[in-house]
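Below is one structure; the comments refer to it alone.
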Amino acid sequence: MPDHDGMPGHGEASFVVLPDHEAALAVAAGLPTPPERILRHRSGRPWLAGRWSDAEMTEAAAGDARIAIIGTCPIGPERLAREAGRLRDLASLDRLVRSLPGSFHLVAALDGRTRVQGDAAGLRLVFHTRAGGVTVAADRADTLAALTGAALDERQVAARLLWPLPHPLLHTPLWRGVEGVEPGAHLLLEPDGRARTRRWWAAPEAVRPLATAADEVAAALTAAVDARTAGGGVVSCDLSGGLDSTSICFLAARGEAEVVAATWPGRDPADEDLAWARRAAAHLPGVEHAVWPAEDASLVYAGLLEIDDPLDEPSIGVMDRARMLDHVPRLAARGSRLHLTGIGGDHVAWCSEAHYHGLLRRRPLLALRRLRGFRALFDWPLAPAARALADGRPYRRWLLDAAGDLRAPARPAVAGALGWDTAPRLFDWVTPEAAEAAAQVLREAARTAEPLAPDRGQHLDLHSIRACTRIIRQWERMSARAGLPMASPFLDDRVIEACLAVRAEDRVTPWRYKPLLVAAMRGVVPAECLARANKAEASMDAADGLRAHSRDLMELCEDSRLARLGLVDGERLKALLARPDTPALRGAILYSTLGCEVWLRTLDRRRARR
């Protein structure tokens with residue numbers, strides 16, 4: 001029996017996609033949770049089954065063609081019906097999906113074939129497995145695992161203990177027999193029950209100068225925000241005082257909805273967020289500015305023992321779950337129907353310094369001047385920086401080398417900043433057996449792995465976006481389950497495309513902070529708010545949380561599920577947690593382990609409730 005119930009609850013949307021095949025009837029009857037809603041193929045066989053609200057689904061049919069969009073997209077049923085009426089080939093949907101703003105899944109059926117896709121960012125994922133002799137798809141891996149009774153893949157759990165988790169392991173589900181579709185590809189279900197994948201998205205070339213691209217970035221971000229404020233009502237926005245959330249707040253204030261701007265001040269006396277947030281709010285007279293008391297905010301690591309969200313993979317986002325949800329009851333009480341964040345701005349409006357690895361070879365004088373600036377800004381030591389710039393290993397070689405180096409001391413930060421990624425590491429409490437399993441997974445991946453782009457800077461940009469969306473995907477589910485859906489417009493595909501098309505040297509420079517976003521928001525955000533050149537960091541909240549919740553962390557280790565699986569040494573981990581002020585814990589070294597431990601416990605809770 002699977003150790004999960006396979007379907008979410010409390011208003012979270014989820015769906016299964018079935019092929020137009022006679023076996024689909026039996027598969028649909030065996031779904032782990034009876035679906036609340038079913039859409040059908042023209043044949044009458046089930047097509048989409050699950051739960052969703054009317055606001056989350058737009059669908060239309062014309063002749064043999066059917067198209068459904070699940071998520072946020074401003075397309076209406078009339079236009080979707082026109083698109084269905086002109087559909088002659090499922091591949092032609094590439095044009096449509098590359099033109100629509102928002103964040104959504106698209107499912108389409110024509111002549112017995114079904115196309116299933118998410119987005120390029122990685123917020124809307126697609127998984128598939130074989131059941132009843134046919135391929136079945138879903139937006140959750142655990143739904144398919146429950147359908148087939150798939151066993152947990154303990155090797156993949158061991159790999160999730162790596163910090164950080166490199167490409168392509170992000171896209172590997174944790175159950176045997178369940179496969180993931182890489183973001184930017186779609187799954188095609190054939191009439192005979194088989195399936196194949198095909199890419200529909202590729203990152204744009206980064207060739208646009210900032211001066212000519214800023215308007216397109218502004219238009220894409222405006223459309224992304226408008227897709228959420230359309231229809232009016234009340235929406236809430238983070239207003240941290242940083243450039244990202246401030247931009248979203250000003251764009252939302254231009255839309256159809258009333259806006260409540262929410263600020264959680266940091267506990268660090270040196271934190272400037274509140275001052276910058278109030279400066280922005282002074283230019284938004286029609287927006288209510290709600291400032292919560294800093295002492296009311298949860299600390300990092302709060303509430304880990306109580307988490308029962310039905311997640312389909314481990315997430316380091318559980319560390320900040322309580323902090324992320326603190327605002328939900330307050331904003332829901334003010335009538336908010338949706339909460340907008342500025343998350344993703346760091347990943348798309350800014351970019352990796354690793355671009356200068358390639359620029360050094362194409363434009364050496366420019367690159368050398370900028371690299372000297374980065375060295376001064378980040379205090380990069382010269383020798384490691386030089387080695388990173390001289391490193392010409394292809395990605396497969398880098399990944400294979402990383403598999404043999406998992407226990408080595410961490411390298412200087414510049415090695416990751418200018419390389420393919422920060423090399424993954426395992427920590428002392430991970431058992432030798434788990435370390436070997438993780439290394440084996442890496443070695444197997446290295447045989448066929450391709451970077452997300454030939455240039456390591458663009459690869460790292462795309463990987464960081466997808467690593468971010470894997471956290472936000474789970475936060476969105478948590479927030480919807482708590483009663484307030486959330487959205488992050490910077491992570492819409494059209495926004496990502498507009499930003500990635502800008503030359504790297506115009507997006508990341510040691511001399512200016514987020515120059516692309518500043519240029520794009522000029523005329524939308526007041527100049528004095530665009531002048532901010534730094535951002536707050538929550539190291540004090542993390543350190544305080546470690547001390548305040550050390551007892552809970554110790555309890556997690558008392559009956560550790562990871563220890564039961566032989567993946568961690570619980571006693572060694574407890575000995576470290578007993579010293580919360582140790583310098584080793586100032587970084588995020590606990591996150592991957594705690595994320596896996598909490599996730600395994602939620603699986604146990606869900607099994608116990610059946």
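The chains in the structure tokens are called A, B, ... from first to last as shown; in each chain the residues are counted from 1, and the ligands are counted from 1 in the order shown.
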Counting only C-alpha atoms, what is within 12 Å of Arg267 (chain A), bar same-chain residues fewer than 6 positions away, as number ranges by chain?
A: 273-274, 292-299, 536-545
Export of prior selection with N, CA and C atoms as a PDB file, in the first residue's frame:
```pdb
ATOM      1  N   ASP A 273      13.726  47.864   6.132  1.00  0.00           N
ATOM      2  CA  ASP A 273      12.547  47.580   5.321  1.00  0.00           C
ATOM      3  C   ASP A 273      11.356  48.479   5.667  1.00  0.00           C
ATOM      4  N   LEU A 274      11.085  48.649   6.949  1.00  0.00           N
ATOM      5  CA  LEU A 274       9.894  49.404   7.330  1.00  0.00           C
ATOM      6  C   LEU A 274       9.971  50.840   6.837  1.00  0.00           C
ATOM      7  N   TRP A 292       2.341  45.010  10.535  1.00  0.00           N
ATOM      8  CA  TRP A 292       2.185  44.092  11.652  1.00  0.00           C
ATOM      9  C   TRP A 292       3.346  44.274  12.641  1.00  0.00           C
ATOM     10  N   PRO A 293       3.112  44.052  13.921  1.00  0.00           N
ATOM     11  CA  PRO A 293       4.191  44.159  14.909  1.00  0.00           C
ATOM     12  C   PRO A 293       5.276  43.111  14.655  1.00  0.00           C
ATOM     13  N   ALA A 294       6.524  43.539  14.664  1.00  0.00           N
ATOM     14  CA  ALA A 294       7.627  42.626  14.375  1.00  0.00           C
ATOM     15  C   ALA A 294       7.637  41.440  15.317  1.00  0.00           C
ATOM     16  N   GLU A 295       7.278  41.696  16.584  1.00  0.00           N
ATOM     17  CA  GLU A 295       7.338  40.617  17.575  1.00  0.00           C
ATOM     18  C   GLU A 295       6.254  39.554  17.348  1.00  0.00           C
ATOM     19  N   ASP A 296       5.243  39.866  16.513  1.00  0.00           N
ATOM     20  CA  ASP A 296       4.200  38.884  16.238  1.00  0.00           C
ATOM     21  C   ASP A 296       4.607  37.879  15.151  1.00  0.00           C
ATOM     22  N   ALA A 297       5.662  38.187  14.429  1.00  0.00           N
ATOM     23  CA  ALA A 297       6.068  37.324  13.321  1.00  0.00           C
ATOM     24  C   ALA A 297       6.721  36.048  13.841  1.00  0.00           C
ATOM     25  N   SER A 298       6.372  34.933  13.243  1.00  0.00           N
ATOM     26  CA  SER A 298       7.010  33.666  13.597  1.00  0.00           C
ATOM     27  C   SER A 298       8.473  33.684  13.170  1.00  0.00           C
ATOM     28  N   LEU A 299       9.268  32.933  13.880  1.00  0.00           N
ATOM     29  CA  LEU A 299      10.675  32.790  13.549  1.00  0.00           C
ATOM     30  C   LEU A 299      10.876  31.621  12.595  1.00  0.00           C
ATOM     31  N   ALA A 536      17.064  43.618   2.862  1.00  0.00           N
ATOM     32  CA  ALA A 536      17.242  43.073   4.202  1.00  0.00           C
ATOM     33  C   ALA A 536      17.558  41.586   4.108  1.00  0.00           C
ATOM     34  N   GLU A 537      18.205  41.072   5.141  1.00  0.00           N
ATOM     35  CA  GLU A 537      18.421  39.634   5.246  1.00  0.00           C
ATOM     36  C   GLU A 537      17.994  39.193   6.637  1.00  0.00           C
ATOM     37  N   ALA A 538      17.506  37.965   6.710  1.00  0.00           N
ATOM     38  CA  ALA A 538      16.817  37.508   7.917  1.00  0.00           C
ATOM     39  C   ALA A 538      17.690  36.630   8.799  1.00  0.00           C
ATOM     40  N   SER A 539      18.994  36.897   8.830  1.00  0.00           N
ATOM     41  CA  SER A 539      19.881  36.029   9.603  1.00  0.00           C
ATOM     42  C   SER A 539      19.559  36.069  11.090  1.00  0.00           C
ATOM     43  N   MET A 540      19.128  37.239  11.609  1.00  0.00           N
ATOM     44  CA  MET A 540      18.789  37.304  13.027  1.00  0.00           C
ATOM     45  C   MET A 540      17.559  36.447  13.319  1.00  0.00           C
ATOM     46  N   ASP A 541      16.540  36.511  12.450  1.00  0.00           N
ATOM     47  CA  ASP A 541      15.349  35.695  12.648  1.00  0.00           C
ATOM     48  C   ASP A 541      15.687  34.207  12.596  1.00  0.00           C
ATOM     49  N   ALA A 542      16.622  33.825  11.722  1.00  0.00           N
ATOM     50  CA  ALA A 542      17.021  32.418  11.633  1.00  0.00           C
ATOM     51  C   ALA A 542      17.768  31.990  12.889  1.00  0.00           C
ATOM     52  N   ALA A 543      18.700  32.819  13.350  1.00  0.00           N
ATOM     53  CA  ALA A 543      19.467  32.476  14.552  1.00  0.00           C
ATOM     54  C   ALA A 543      18.564  32.420  15.777  1.00  0.00           C
ATOM     55  N   ASP A 544      17.666  33.403  15.893  1.00  0.00           N
ATOM     56  CA  ASP A 544      16.729  33.390  17.028  1.00  0.00           C
ATOM     57  C   ASP A 544      15.803  32.178  16.947  1.00  0.00           C
ATOM     58  N   GLY A 545      15.377  31.827  15.741  1.00  0.00           N
ATOM     59  CA  GLY A 545      14.499  30.680  15.581  1.00  0.00           C
ATOM     60  C   GLY A 545      15.172  29.380  15.974  1.00  0.00           C
TER      61      GLY A 545
END
```
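Closest approach to Ala131 (chain A) among A:Arg375, A:Arg532, A:Arg194, A:Arg86: A:Arg194, based on only C-alpha atoms.
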Using only C-alpha atoms, which of the listed residues (A:Asp64, A:Ala218, A:Ile70, A:Pro409) sits closest to Gly85 (chain A)?
A:Asp64
Per DSSP on the backbone, what are the alpha helix (DSSP H) residues of region 487-562 of chain A, as number ranges by chain?
A: 493-500, 504-507, 515-521, 527-530, 539-548, 550-558, 561-562
Pull C-alpha atoms from the residues just selected and write them as a compact mmCIF listing (two decimals), in the first residue's frame.
```txt
# COMPACT_ATOMS: atom_id res chain seq x y z
CA ASP A 493 6.75 32.71 -18.16
CA ARG A 494 6.24 35.94 -20.11
CA VAL A 495 8.04 37.94 -17.40
CA ILE A 496 10.90 35.47 -17.29
CA GLU A 497 11.27 35.57 -21.07
CA ALA A 498 11.32 39.37 -21.17
CA CYS A 499 14.01 39.51 -18.49
CA LEU A 500 16.19 36.69 -19.82
CA ALA A 504 23.62 39.74 -18.93
CA GLU A 505 26.03 42.65 -18.56
CA ASP A 506 23.01 44.97 -18.38
CA ARG A 507 21.26 42.86 -15.73
CA PRO A 515 19.25 48.06 -13.12
CA LEU A 516 16.73 46.23 -15.31
CA LEU A 517 13.91 46.48 -12.79
CA VAL A 518 14.74 50.11 -12.04
CA ALA A 519 14.57 50.94 -15.75
CA ALA A 520 11.36 48.95 -16.29
CA MET A 521 9.55 50.55 -13.33
CA ALA A 527 12.21 57.63 -8.19
CA GLU A 528 12.92 57.85 -4.47
CA CYS A 529 11.62 54.29 -4.01
CA LEU A 530 13.72 53.04 -6.91
CA SER A 539 19.88 36.03 9.60
CA MET A 540 18.79 37.30 13.03
CA ASP A 541 15.35 35.69 12.65
CA ALA A 542 17.02 32.42 11.63
CA ALA A 543 19.47 32.48 14.55
CA ASP A 544 16.73 33.39 17.03
CA GLY A 545 14.50 30.68 15.58
CA LEU A 546 17.17 28.05 16.03
CA ARG A 547 17.44 28.90 19.71
CA ALA A 548 13.70 29.36 20.31
CA SER A 550 15.66 23.91 19.49
CA ARG A 551 13.41 21.67 21.60
CA ASP A 552 11.14 21.03 18.61
CA LEU A 553 14.16 20.27 16.45
CA MET A 554 15.43 17.82 19.04
CA GLU A 555 12.02 16.15 19.09
CA LEU A 556 12.19 15.72 15.32
CA CYS A 557 15.35 13.70 15.90
CA GLU A 558 13.95 11.59 18.74
CA ARG A 561 11.98 8.86 9.98
CA LEU A 562 15.26 9.48 8.16
```
Please return, as a VMD selection string, all residues of region 218-269 of chain A that DSSP assigns to strand (DSSP E) on the basis of the backbone.
chain A and resid 234 to 238 258 to 263
Counting only C-alpha atoms, the residue of A:Gly50, A:Gly344, A:Pro173, A:Gly231 that sits nearest Phe490 (chain A):
A:Gly344
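Proximity ranking of A:Thr197, A:Ser14, A:Thr114, A:Thr172 relative to Pro35 (chain A) places A:Ser14 first, based on only C-alpha atoms.
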Counting only C-alpha atoms, what is within 10 Å of Val598 (chain A), bar same-chain residues fewer than 6 positions away, as a list in words?
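Once the nearby chain positions are removed, what remains is Leu304, Leu305, Glu306, Ile307, Asp308, Asp309, Pro314, Ser315, Ile316, Val318, Met319, Leu556, Ser560, Arg561, Leu562 and Asp604 of chain A.
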For the residues in that selection, give me N, CA and C atoms as a JSON list (two decimals), in the first residue's frame.
```json
[["chain", "number", "residue", "atom", "x", "y", "z"],
["A", 304, "LEU", "N", 7.38, 23.25, 13.04],
["A", 304, "LEU", "CA", 7.72, 22.11, 12.19],
["A", 304, "LEU", "C", 7.03, 20.83, 12.64],
["A", 305, "LEU", "N", 6.76, 20.70, 13.93],
["A", 305, "LEU", "CA", 6.12, 19.48, 14.43],
["A", 305, "LEU", "C", 4.66, 19.37, 14.03],
["A", 306, "GLU", "N", 4.02, 20.51, 13.73],
["A", 306, "GLU", "CA", 2.58, 20.51, 13.44],
["A", 306, "GLU", "C", 2.26, 20.46, 11.96],
["A", 307, "ILE", "N", 3.25, 20.53, 11.10],
["A", 307, "ILE", "CA", 2.97, 20.62, 9.66],
["A", 307, "ILE", "C", 2.28, 19.35, 9.17],
["A", 308, "ASP", "N", 1.15, 19.53, 8.50],
["A", 308, "ASP", "CA", 0.44, 18.39, 7.93],
["A", 308, "ASP", "C", 0.01, 18.65, 6.49],
["A", 309, "ASP", "N", 0.66, 19.61, 5.84],
["A", 309, "ASP", "CA", 0.33, 19.90, 4.44],
["A", 309, "ASP", "C", 0.63, 18.68, 3.57],
["A", 314, "PRO", "N", 9.70, 16.69, -0.60],
["A", 314, "PRO", "CA", 10.26, 17.49, 0.49],
["A", 314, "PRO", "C", 10.51, 18.92, 0.02],
["A", 315, "SER", "N", 10.45, 19.86, 0.96],
["A", 315, "SER", "CA", 10.66, 21.26, 0.62],
["A", 315, "SER", "C", 11.37, 21.98, 1.76],
["A", 316, "ILE", "N", 12.42, 22.71, 1.41],
["A", 316, "ILE", "CA", 13.06, 23.53, 2.44],
["A", 316, "ILE", "C", 12.16, 24.69, 2.81],
["A", 318, "VAL", "N", 9.44, 24.53, 4.23],
["A", 318, "VAL", "CA", 8.76, 24.32, 5.52],
["A", 318, "VAL", "C", 9.44, 25.10, 6.64],
["A", 319, "MET", "N", 10.72, 25.43, 6.46],
["A", 319, "MET", "CA", 11.41, 26.20, 7.50],
["A", 319, "MET", "C", 10.74, 27.55, 7.73],
["A", 556, "LEU", "N", 12.18, 16.29, 16.66],
["A", 556, "LEU", "CA", 12.19, 15.72, 15.32],
["A", 556, "LEU", "C", 13.21, 14.59, 15.21],
["A", 560, "SER", "N", 13.31, 9.86, 14.44],
["A", 560, "SER", "CA", 13.54, 10.36, 13.09],
["A", 560, "SER", "C", 13.16, 9.32, 12.04],
["A", 561, "ARG", "N", 12.33, 9.74, 11.09],
["A", 561, "ARG", "CA", 11.98, 8.86, 9.98],
["A", 561, "ARG", "C", 13.20, 8.63, 9.09],
["A", 562, "LEU", "N", 14.03, 9.65, 8.93],
["A", 562, "LEU", "CA", 15.26, 9.48, 8.16],
["A", 562, "LEU", "C", 16.18, 8.46, 8.82],
["A", 604, "ASP", "N", 3.48, 9.88, 7.04],
["A", 604, "ASP", "CA", 3.01, 9.01, 8.12],
["A", 604, "ASP", "C", 1.65, 9.47, 8.65]]
```
Smallest atom-to-atom distance to Leu371 (chain A): which of A:Pro510, A:Gly483, A:Gly102, A:Pro424, using only C-alpha atoms?
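Answer, going by the shortest atom-to-atom distance: A:Pro510.
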